[in-house]
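Next up, final-v3.cif (mmCIF, N, CA and C atoms):
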```cif
data_final
loop_
_atom_site.label_atom_id
_atom_site.label_comp_id
_atom_site.auth_asym_id
_atom_site.auth_seq_id
_atom_site.Cartn_x
_atom_site.Cartn_y
_atom_site.Cartn_z
N MET C 19 8.62 -1.96 -10.87
CA MET C 19 8.62 -0.69 -11.54
C MET C 19 7.23 -0.42 -12.12
N ILE C 20 6.75 0.78 -11.93
CA ILE C 20 5.48 1.21 -12.52
C ILE C 20 5.79 2.39 -13.43
N SER C 21 5.33 2.30 -14.67
CA SER C 21 5.55 3.40 -15.60
C SER C 21 4.22 3.79 -16.25
N TYR C 22 4.23 4.97 -16.88
CA TYR C 22 3.01 5.54 -17.43
C TYR C 22 3.31 6.20 -18.76
N SER C 23 2.36 6.12 -19.69
CA SER C 23 2.44 6.88 -20.93
C SER C 23 1.06 7.43 -21.25
N TYR C 24 1.06 8.48 -22.07
CA TYR C 24 -0.18 9.21 -22.33
C TYR C 24 -0.30 9.49 -23.82
N THR C 25 -1.35 8.98 -24.43
CA THR C 25 -1.62 9.33 -25.82
C THR C 25 -2.66 10.43 -25.87
N GLN C 26 -3.30 10.69 -24.74
CA GLN C 26 -4.32 11.73 -24.67
C GLN C 26 -3.76 12.90 -23.88
N LYS C 27 -3.57 14.02 -24.55
CA LYS C 27 -3.05 15.21 -23.91
C LYS C 27 -4.24 16.08 -23.49
N PRO C 28 -4.15 16.90 -22.48
CA PRO C 28 -3.00 17.24 -21.66
C PRO C 28 -2.96 16.46 -20.35
N PHE C 29 -3.54 15.29 -20.31
CA PHE C 29 -3.60 14.50 -19.09
C PHE C 29 -2.22 13.98 -18.69
N PHE C 30 -1.93 14.05 -17.40
CA PHE C 30 -0.76 13.37 -16.85
C PHE C 30 -0.98 13.17 -15.36
N LEU C 31 -0.29 12.22 -14.80
CA LEU C 31 -0.36 11.95 -13.36
C LEU C 31 0.82 12.60 -12.68
N SER C 32 0.56 13.26 -11.58
CA SER C 32 1.64 13.93 -10.85
C SER C 32 2.53 12.91 -10.16
N ASN C 33 3.71 13.34 -9.79
CA ASN C 33 4.62 12.47 -9.03
C ASN C 33 4.00 12.08 -7.70
N ASN C 34 3.19 12.97 -7.13
CA ASN C 34 2.50 12.67 -5.88
C ASN C 34 1.53 11.49 -6.06
N PHE C 35 0.75 11.53 -7.13
CA PHE C 35 -0.16 10.43 -7.43
C PHE C 35 0.63 9.13 -7.58
N LYS C 36 1.69 9.18 -8.37
CA LYS C 36 2.48 7.97 -8.66
C LYS C 36 3.04 7.37 -7.37
N LYS C 37 3.49 8.23 -6.47
CA LYS C 37 4.04 7.75 -5.20
C LYS C 37 2.95 7.07 -4.36
N ILE C 38 1.79 7.69 -4.29
CA ILE C 38 0.69 7.12 -3.50
C ILE C 38 0.21 5.82 -4.15
N PHE C 39 0.07 5.81 -5.48
CA PHE C 39 -0.41 4.61 -6.15
C PHE C 39 0.57 3.46 -5.99
N LYS C 40 1.86 3.76 -5.99
CA LYS C 40 2.85 2.71 -5.79
C LYS C 40 2.64 2.03 -4.42
N ASN C 41 2.26 2.81 -3.41
CA ASN C 41 1.94 2.22 -2.10
C ASN C 41 0.77 1.25 -2.19
N VAL C 42 -0.23 1.60 -3.01
CA VAL C 42 -1.38 0.71 -3.21
C VAL C 42 -0.92 -0.59 -3.87
N VAL C 43 -0.11 -0.47 -4.90
CA VAL C 43 0.39 -1.66 -5.61
C VAL C 43 1.22 -2.52 -4.67
N ASN C 44 2.07 -1.89 -3.89
CA ASN C 44 2.90 -2.65 -2.94
C ASN C 44 2.04 -3.38 -1.91
N LYS C 45 0.99 -2.72 -1.43
CA LYS C 45 0.08 -3.37 -0.47
C LYS C 45 -0.62 -4.56 -1.11
N LEU C 46 -1.13 -4.37 -2.31
CA LEU C 46 -1.81 -5.45 -3.01
C LEU C 46 -0.85 -6.63 -3.22
N CYS C 47 0.36 -6.34 -3.65
CA CYS C 47 1.35 -7.41 -3.85
C CYS C 47 1.63 -8.13 -2.53
N SER C 48 1.81 -7.37 -1.48
CA SER C 48 2.07 -7.96 -0.16
C SER C 48 0.90 -8.82 0.31
N ASP C 49 -0.32 -8.32 0.11
CA ASP C 49 -1.51 -9.05 0.56
C ASP C 49 -1.66 -10.40 -0.13
N TYR C 50 -1.18 -10.53 -1.36
CA TYR C 50 -1.37 -11.76 -2.13
C TYR C 50 -0.06 -12.46 -2.47
N ASN C 51 1.02 -12.07 -1.78
CA ASN C 51 2.30 -12.73 -1.95
C ASN C 51 2.82 -12.66 -3.39
N PHE C 52 2.74 -11.47 -3.97
CA PHE C 52 3.29 -11.21 -5.30
C PHE C 52 4.44 -10.23 -5.16
N ARG C 53 5.32 -10.26 -6.14
CA ARG C 53 6.39 -9.28 -6.22
C ARG C 53 6.16 -8.43 -7.47
N LEU C 54 6.29 -7.13 -7.33
CA LEU C 54 6.11 -6.24 -8.47
C LEU C 54 7.32 -6.34 -9.38
N LYS C 55 7.07 -6.74 -10.61
CA LYS C 55 8.14 -6.80 -11.60
C LYS C 55 8.05 -5.56 -12.50
N ARG C 56 6.93 -5.45 -13.24
CA ARG C 56 6.76 -4.29 -14.12
C ARG C 56 5.29 -4.11 -14.46
N ILE C 57 4.81 -2.90 -14.28
CA ILE C 57 3.46 -2.53 -14.68
C ILE C 57 3.58 -1.26 -15.52
N HIS C 58 2.93 -1.26 -16.66
CA HIS C 58 2.90 -0.05 -17.48
C HIS C 58 1.45 0.30 -17.79
N TYR C 59 1.08 1.53 -17.47
CA TYR C 59 -0.25 2.05 -17.76
C TYR C 59 -0.16 2.99 -18.96
N HIS C 60 -0.98 2.72 -19.98
CA HIS C 60 -1.12 3.59 -21.15
C HIS C 60 -2.48 4.28 -21.02
N PHE C 61 -2.50 5.59 -21.03
CA PHE C 61 -3.76 6.33 -20.96
C PHE C 61 -4.09 6.86 -22.35
N CYS C 62 -5.29 6.55 -22.82
CA CYS C 62 -5.67 6.86 -24.20
C CYS C 62 -7.13 7.30 -24.24
N ASP C 63 -7.66 7.45 -25.45
CA ASP C 63 -9.06 7.83 -25.61
C ASP C 63 -9.88 6.61 -26.07
N ASP C 64 -11.19 6.83 -26.19
CA ASP C 64 -12.10 5.75 -26.58
C ASP C 64 -11.73 5.13 -27.92
N GLU C 65 -11.44 5.96 -28.91
CA GLU C 65 -11.20 5.44 -30.25
C GLU C 65 -9.95 4.56 -30.30
N TYR C 66 -8.92 4.97 -29.60
CA TYR C 66 -7.68 4.18 -29.54
C TYR C 66 -7.96 2.81 -28.94
N LEU C 67 -8.71 2.79 -27.82
CA LEU C 67 -8.98 1.53 -27.13
C LEU C 67 -10.00 0.68 -27.90
N LEU C 68 -10.97 1.32 -28.54
CA LEU C 68 -11.94 0.59 -29.35
C LEU C 68 -11.23 -0.16 -30.48
N LYS C 69 -10.31 0.52 -31.15
CA LYS C 69 -9.55 -0.11 -32.23
C LYS C 69 -8.76 -1.30 -31.70
N MET C 70 -8.10 -1.11 -30.56
CA MET C 70 -7.33 -2.20 -29.97
C MET C 70 -8.25 -3.35 -29.56
N ASN C 71 -9.38 -3.03 -28.97
CA ASN C 71 -10.33 -4.04 -28.52
C ASN C 71 -10.79 -4.89 -29.71
N TYR C 72 -11.03 -4.24 -30.83
CA TYR C 72 -11.48 -4.96 -32.02
C TYR C 72 -10.35 -5.78 -32.65
N GLU C 73 -9.18 -5.17 -32.81
CA GLU C 73 -8.07 -5.84 -33.49
C GLU C 73 -7.47 -6.98 -32.68
N VAL C 74 -7.39 -6.81 -31.36
CA VAL C 74 -6.72 -7.80 -30.53
C VAL C 74 -7.70 -8.83 -29.97
N LEU C 75 -8.86 -8.35 -29.53
CA LEU C 75 -9.80 -9.25 -28.86
C LEU C 75 -11.05 -9.57 -29.68
N ASN C 76 -11.17 -8.95 -30.86
CA ASN C 76 -12.33 -9.12 -31.72
C ASN C 76 -13.63 -8.71 -31.03
N HIS C 77 -13.55 -7.68 -30.19
CA HIS C 77 -14.72 -7.10 -29.51
C HIS C 77 -14.99 -5.74 -30.13
N ASP C 78 -16.22 -5.51 -30.54
CA ASP C 78 -16.57 -4.25 -31.18
C ASP C 78 -17.39 -3.38 -30.21
N TYR C 79 -16.78 -3.01 -29.09
CA TYR C 79 -17.44 -2.13 -28.13
C TYR C 79 -16.40 -1.39 -27.31
N TYR C 80 -16.86 -0.29 -26.73
CA TYR C 80 -15.98 0.50 -25.87
C TYR C 80 -15.75 -0.22 -24.55
N THR C 81 -14.59 -0.01 -23.98
CA THR C 81 -14.27 -0.57 -22.67
C THR C 81 -13.38 0.42 -21.94
N ASP C 82 -13.32 0.30 -20.64
CA ASP C 82 -12.49 1.23 -19.88
C ASP C 82 -11.04 0.76 -19.77
N ILE C 83 -10.81 -0.55 -19.83
CA ILE C 83 -9.45 -1.06 -19.67
C ILE C 83 -9.26 -2.36 -20.46
N ILE C 84 -8.10 -2.49 -21.02
CA ILE C 84 -7.64 -3.76 -21.58
C ILE C 84 -6.32 -4.07 -20.89
N THR C 85 -6.23 -5.26 -20.34
CA THR C 85 -5.04 -5.67 -19.59
C THR C 85 -4.33 -6.81 -20.31
N PHE C 86 -3.06 -6.64 -20.53
CA PHE C 86 -2.21 -7.70 -21.04
C PHE C 86 -1.38 -8.19 -19.87
N ASP C 87 -1.68 -9.38 -19.43
CA ASP C 87 -1.09 -9.94 -18.22
C ASP C 87 0.10 -10.83 -18.58
N TYR C 88 1.27 -10.46 -18.08
CA TYR C 88 2.49 -11.23 -18.30
C TYR C 88 3.01 -11.83 -16.99
N THR C 89 2.16 -11.89 -15.98
CA THR C 89 2.53 -12.35 -14.65
C THR C 89 2.91 -13.83 -14.69
N THR C 90 4.05 -14.14 -14.07
CA THR C 90 4.48 -15.54 -13.92
C THR C 90 5.09 -15.71 -12.54
N GLU C 91 4.85 -16.85 -11.97
CA GLU C 91 5.47 -17.23 -10.69
C GLU C 91 5.38 -16.11 -9.64
N ASN C 92 4.19 -15.56 -9.49
CA ASN C 92 3.92 -14.50 -8.50
C ASN C 92 4.77 -13.24 -8.71
N LYS C 93 5.22 -13.03 -9.93
CA LYS C 93 5.91 -11.78 -10.30
C LYS C 93 4.94 -10.99 -11.18
N LEU C 94 4.37 -9.94 -10.60
CA LEU C 94 3.35 -9.14 -11.25
C LEU C 94 3.94 -8.33 -12.40
N GLU C 95 3.45 -8.61 -13.60
CA GLU C 95 3.92 -7.89 -14.79
C GLU C 95 2.76 -7.77 -15.76
N ALA C 96 2.51 -6.53 -16.22
CA ALA C 96 1.38 -6.30 -17.12
C ALA C 96 1.50 -4.97 -17.82
N GLU C 97 0.75 -4.88 -18.92
CA GLU C 97 0.53 -3.62 -19.62
C GLU C 97 -0.97 -3.39 -19.61
N MET C 98 -1.36 -2.17 -19.26
CA MET C 98 -2.78 -1.85 -19.20
C MET C 98 -3.06 -0.59 -20.00
N PHE C 99 -4.10 -0.67 -20.81
CA PHE C 99 -4.55 0.46 -21.63
C PHE C 99 -5.87 0.93 -21.05
N ILE C 100 -5.94 2.21 -20.70
CA ILE C 100 -7.12 2.76 -20.04
C ILE C 100 -7.67 3.92 -20.86
N SER C 101 -8.97 3.85 -21.17
CA SER C 101 -9.64 4.94 -21.87
C SER C 101 -10.08 6.00 -20.86
N LEU C 102 -9.50 7.18 -20.98
CA LEU C 102 -9.90 8.28 -20.10
C LEU C 102 -11.31 8.75 -20.41
N ASP C 103 -11.77 8.56 -21.64
CA ASP C 103 -13.16 8.89 -21.98
C ASP C 103 -14.13 8.00 -21.21
N ARG C 104 -13.83 6.68 -21.15
CA ARG C 104 -14.70 5.75 -20.42
C ARG C 104 -14.66 6.07 -18.93
N VAL C 105 -13.48 6.36 -18.40
CA VAL C 105 -13.36 6.69 -16.98
C VAL C 105 -14.20 7.92 -16.66
N THR C 106 -14.13 8.93 -17.52
CA THR C 106 -14.92 10.15 -17.31
C THR C 106 -16.41 9.84 -17.34
N GLU C 107 -16.86 9.11 -18.35
CA GLU C 107 -18.28 8.79 -18.46
C GLU C 107 -18.75 7.91 -17.30
N ASN C 108 -17.95 6.91 -16.94
CA ASN C 108 -18.34 6.02 -15.84
C ASN C 108 -18.36 6.75 -14.50
N SER C 109 -17.51 7.75 -14.33
CA SER C 109 -17.53 8.50 -13.07
C SER C 109 -18.86 9.22 -12.92
N VAL C 110 -19.43 9.69 -14.02
CA VAL C 110 -20.74 10.35 -13.98
C VAL C 110 -21.84 9.31 -13.74
N ILE C 111 -21.79 8.22 -14.49
CA ILE C 111 -22.81 7.16 -14.37
C ILE C 111 -22.87 6.61 -12.95
N TYR C 112 -21.71 6.37 -12.35
CA TYR C 112 -21.65 5.75 -11.02
C TYR C 112 -21.50 6.76 -9.89
N ASN C 113 -21.65 8.05 -10.24
CA ASN C 113 -21.60 9.12 -9.24
C ASN C 113 -20.32 9.07 -8.40
N GLN C 114 -19.19 8.95 -9.11
CA GLN C 114 -17.87 8.92 -8.49
C GLN C 114 -17.06 10.10 -8.99
N THR C 115 -16.02 10.46 -8.27
CA THR C 115 -15.11 11.46 -8.81
C THR C 115 -14.31 10.80 -9.93
N PHE C 116 -13.78 11.61 -10.84
CA PHE C 116 -12.93 11.09 -11.90
C PHE C 116 -11.76 10.33 -11.29
N LEU C 117 -11.14 10.91 -10.27
CA LEU C 117 -9.96 10.28 -9.67
C LEU C 117 -10.30 8.93 -9.06
N ASP C 118 -11.40 8.83 -8.31
CA ASP C 118 -11.77 7.54 -7.72
C ASP C 118 -12.05 6.50 -8.80
N GLU C 119 -12.71 6.91 -9.87
CA GLU C 119 -12.99 5.95 -10.94
C GLU C 119 -11.70 5.53 -11.64
N LEU C 120 -10.80 6.46 -11.84
CA LEU C 120 -9.52 6.13 -12.46
C LEU C 120 -8.74 5.13 -11.62
N VAL C 121 -8.63 5.40 -10.33
CA VAL C 121 -7.89 4.50 -9.44
C VAL C 121 -8.57 3.13 -9.40
N ARG C 122 -9.90 3.11 -9.37
CA ARG C 122 -10.64 1.84 -9.37
C ARG C 122 -10.28 1.00 -10.60
N VAL C 123 -10.25 1.63 -11.77
CA VAL C 123 -9.94 0.91 -13.00
C VAL C 123 -8.50 0.41 -12.98
N MET C 124 -7.59 1.24 -12.49
CA MET C 124 -6.19 0.83 -12.40
C MET C 124 -6.03 -0.37 -11.46
N ILE C 125 -6.75 -0.37 -10.36
CA ILE C 125 -6.73 -1.49 -9.41
C ILE C 125 -7.38 -2.72 -10.03
N HIS C 126 -8.48 -2.51 -10.76
CA HIS C 126 -9.20 -3.60 -11.40
C HIS C 126 -8.26 -4.43 -12.27
N GLY C 127 -7.45 -3.76 -13.08
CA GLY C 127 -6.50 -4.47 -13.94
C GLY C 127 -5.51 -5.30 -13.13
N LEU C 128 -5.03 -4.72 -12.04
CA LEU C 128 -4.09 -5.46 -11.18
C LEU C 128 -4.74 -6.70 -10.58
N LEU C 129 -5.98 -6.57 -10.15
CA LEU C 129 -6.68 -7.71 -9.55
C LEU C 129 -6.84 -8.86 -10.56
N HIS C 130 -7.08 -8.51 -11.81
CA HIS C 130 -7.12 -9.56 -12.84
C HIS C 130 -5.78 -10.28 -12.93
N CYS C 131 -4.70 -9.53 -12.84
CA CYS C 131 -3.36 -10.12 -12.98
C CYS C 131 -3.02 -11.07 -11.84
N ILE C 132 -3.60 -10.84 -10.67
CA ILE C 132 -3.28 -11.75 -9.56
C ILE C 132 -4.32 -12.86 -9.42
N GLY C 133 -5.27 -12.92 -10.38
CA GLY C 133 -6.13 -14.09 -10.45
C GLY C 133 -7.61 -13.88 -10.22
N PHE C 134 -8.06 -12.66 -10.04
CA PHE C 134 -9.48 -12.43 -9.82
C PHE C 134 -10.19 -12.20 -11.15
N GLY C 135 -11.34 -12.84 -11.30
CA GLY C 135 -12.14 -12.69 -12.51
C GLY C 135 -13.35 -11.83 -12.27
N ASP C 136 -14.10 -11.60 -13.34
CA ASP C 136 -15.36 -10.85 -13.22
C ASP C 136 -16.39 -11.34 -14.24
N SER C 137 -16.36 -12.64 -14.50
CA SER C 137 -17.28 -13.22 -15.49
C SER C 137 -18.65 -13.52 -14.92
N THR C 138 -18.72 -13.85 -13.64
CA THR C 138 -20.00 -14.17 -13.03
C THR C 138 -20.40 -13.08 -12.04
N ASP C 139 -21.64 -13.09 -11.60
CA ASP C 139 -22.09 -12.10 -10.62
C ASP C 139 -21.32 -12.23 -9.31
N VAL C 140 -21.03 -13.46 -8.90
CA VAL C 140 -20.27 -13.68 -7.67
C VAL C 140 -18.88 -13.08 -7.80
N GLU C 141 -18.21 -13.34 -8.94
CA GLU C 141 -16.88 -12.78 -9.18
C GLU C 141 -16.92 -11.26 -9.24
N LYS C 142 -17.94 -10.72 -9.90
CA LYS C 142 -18.07 -9.25 -10.00
C LYS C 142 -18.22 -8.63 -8.62
N ASN C 143 -19.02 -9.24 -7.77
CA ASN C 143 -19.19 -8.72 -6.40
C ASN C 143 -17.88 -8.78 -5.62
N GLU C 144 -17.15 -9.89 -5.77
CA GLU C 144 -15.89 -10.05 -5.04
C GLU C 144 -14.85 -9.03 -5.51
N ILE C 145 -14.71 -8.87 -6.82
CA ILE C 145 -13.69 -7.96 -7.33
C ILE C 145 -14.07 -6.51 -6.99
N ARG C 146 -15.36 -6.21 -6.96
CA ARG C 146 -15.80 -4.85 -6.60
C ARG C 146 -15.45 -4.54 -5.14
N LYS C 147 -15.64 -5.50 -4.27
CA LYS C 147 -15.27 -5.30 -2.86
C LYS C 147 -13.77 -5.08 -2.71
N LEU C 148 -12.98 -5.82 -3.46
CA LEU C 148 -11.53 -5.65 -3.42
C LEU C 148 -11.13 -4.28 -3.98
N GLU C 149 -11.77 -3.87 -5.07
CA GLU C 149 -11.51 -2.53 -5.62
C GLU C 149 -11.80 -1.47 -4.55
N ASP C 150 -12.94 -1.61 -3.88
CA ASP C 150 -13.31 -0.66 -2.82
C ASP C 150 -12.26 -0.63 -1.72
N ASN C 151 -11.78 -1.80 -1.33
CA ASN C 151 -10.77 -1.90 -0.27
C ASN C 151 -9.50 -1.14 -0.64
N TYR C 152 -8.99 -1.36 -1.85
CA TYR C 152 -7.74 -0.71 -2.25
C TYR C 152 -7.96 0.76 -2.60
N LEU C 153 -9.14 1.10 -3.08
CA LEU C 153 -9.47 2.51 -3.31
C LEU C 153 -9.51 3.25 -1.98
N ASN C 154 -10.09 2.64 -0.96
CA ASN C 154 -10.09 3.24 0.38
C ASN C 154 -8.68 3.41 0.91
N PHE C 155 -7.82 2.44 0.67
CA PHE C 155 -6.42 2.55 1.07
C PHE C 155 -5.77 3.74 0.37
N PHE C 156 -6.00 3.89 -0.93
CA PHE C 156 -5.48 5.04 -1.68
C PHE C 156 -5.98 6.34 -1.06
N ASN C 157 -7.26 6.39 -0.74
CA ASN C 157 -7.86 7.62 -0.21
C ASN C 157 -7.45 7.94 1.22
N LEU C 158 -6.85 6.99 1.93
CA LEU C 158 -6.34 7.26 3.28
C LEU C 158 -5.29 8.36 3.27
N TYR C 159 -4.63 8.54 2.13
CA TYR C 159 -3.59 9.55 2.05
C TYR C 159 -4.15 10.97 2.03
N ASN C 160 -5.46 11.10 1.73
CA ASN C 160 -6.18 12.36 1.86
C ASN C 160 -5.42 13.56 1.27
N VAL C 161 -4.89 13.36 0.09
CA VAL C 161 -4.15 14.42 -0.59
C VAL C 161 -5.14 15.26 -1.40
N PRO C 162 -5.00 16.58 -1.38
CA PRO C 162 -5.90 17.42 -2.20
C PRO C 162 -5.91 16.95 -3.65
N ARG C 163 -7.09 16.77 -4.21
CA ARG C 163 -7.25 16.17 -5.54
C ARG C 163 -6.49 16.90 -6.64
N GLY C 164 -6.41 18.21 -6.59
CA GLY C 164 -5.75 18.96 -7.63
C GLY C 164 -4.27 18.69 -7.73
N THR C 165 -3.69 18.08 -6.72
CA THR C 165 -2.25 17.82 -6.74
C THR C 165 -1.93 16.46 -7.37
N LEU C 166 -2.94 15.75 -7.83
CA LEU C 166 -2.71 14.38 -8.29
C LEU C 166 -2.69 14.23 -9.80
N TYR C 167 -3.42 15.05 -10.53
CA TYR C 167 -3.46 14.88 -11.99
C TYR C 167 -3.96 16.17 -12.63
N LEU C 168 -3.82 16.28 -13.92
CA LEU C 168 -4.39 17.38 -14.72
C LEU C 168 -5.15 16.79 -15.88
#
```
Write the structure described by the file as structure tokens, please.
Amino acid sequence: MISYSYTQKPFFLSNNFKKIFKNVVNKLCSDYNFRLKRIHYHFCDDEYLLKMNYEVLNHDYYTDIITFDYTTENKLEAEMFISLDRVTENSVIYNQTFLDELVRVMIHGLLHCIGFGDSTDVEKNEIRKLEDNYLNFFNLYNVPRGTLYL
């Protein structure tokens, strides 16, 4: 099960987006022999995530995602908090569409849950290639962007 909540209005993901993204999650689970148990995405702003980052992880800086991984025995389960402000800013910095950057961050959290890290340059390169792979899979659906989110 994949669920979503929004603390930042008026953003929401369309049912079309959710259906396509579920295909990405199912492919990722299949590729690494995981079963989807429960994933919940919380979409928020910078200040909400900064406060959480400081209170929970003792980090005093902005981040695009915080992942709480509850995965056990190849059953994928997690809660992810995503700053839409960071996604917006990073899409400009990296010359990506907002949607591509959002999907990349959502995939990034999943990859952490199945065991991929990003502490070293080698790990960062590997996880980036995997993000690209699953982002390309998402984009194969070639759905008009306006039908996916507001």
*For the structure provided, state which residues fall under the PyMOL selection byres (((chain C and resi 98 and name CA) around 12) and name CA), and present them as a ChimeraX atom specification.*
/C:20-24,56-62,67,70,82-88,95-97,99-101,123-131
*Around (-15.8, -2.4, -6.5) in the file's own coordinates, what residues are found within 6.5 Å if you use all atoms listed in the file, given back as a PyMOL selection string?*
chain C and resi 145-150
*Per DSSP on the backbone, filter chain C down to the residues in strand (DSSP E) and report them as a list in words.*
Ile20, Ser21, Tyr22, Ser23, Tyr24, Arg53, Leu54, Lys55, Arg56, Ile57, His58, Tyr59, His60, Phe61, Cys62, Ile83, Ile84, Thr85, Phe86, Asp87, Lys93, Leu94, Glu95, Ala96, Glu97, Met98, Phe99, Ile100 and Ser101 of chain C
*C:Lys37, C:Lys93, C:Val140, C:Leu102: which is nearest Thr81 of chain C, counting all atoms listed in the file?*
C:Leu102
*What is the atom CA of Gly133 of chain C-atom CA of Lys40 of chain C distance in Å, reported with one decimal?*
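Pair atom CA of Gly133 of chain C / atom CA of Lys40 of chain C returns 19.6 Å.
Interatomic distance, atom CA of Asp63 of chain C against atom CA of Asp103 of chain C: 5.6 Å.
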*So how far away is atom CA of Cys47 of chain C from atom N of Met19 of chain C, in Å?*
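One can read the atom N of Met19 of chain C to atom CA of Cys47 of chain C distance as 11.5 Å.
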As JSON: centre and edge lengths in Å, one decimal, of the axis-aligned box holding segment 142-158 of chain C with 4 Å per side:
```
{"center_x": -12.2, "center_y": -1.2, "center_z": -3.4, "size_x": 21.9, "size_y": 27.1, "size_z": 21.3}
```
*Apply DSSP to the backbone of this structure and, from chain C, keep only the residues in helix (DSSP H, G or I); write these as a PyMOL selection string.*
chain C and resi 33-49+64-75+102-111+116-131+139-157+163-165
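The residue set within 8 Å of Thr106 of chain C, counting all atoms listed in the file and dropping same-chain residues fewer than 2 places from it, reads Ser101, Leu102, Asp103, Arg104, Asn108, Ser109, Val110, Ile111, Thr115, Phe116, Glu119 and Leu120 of chain C.
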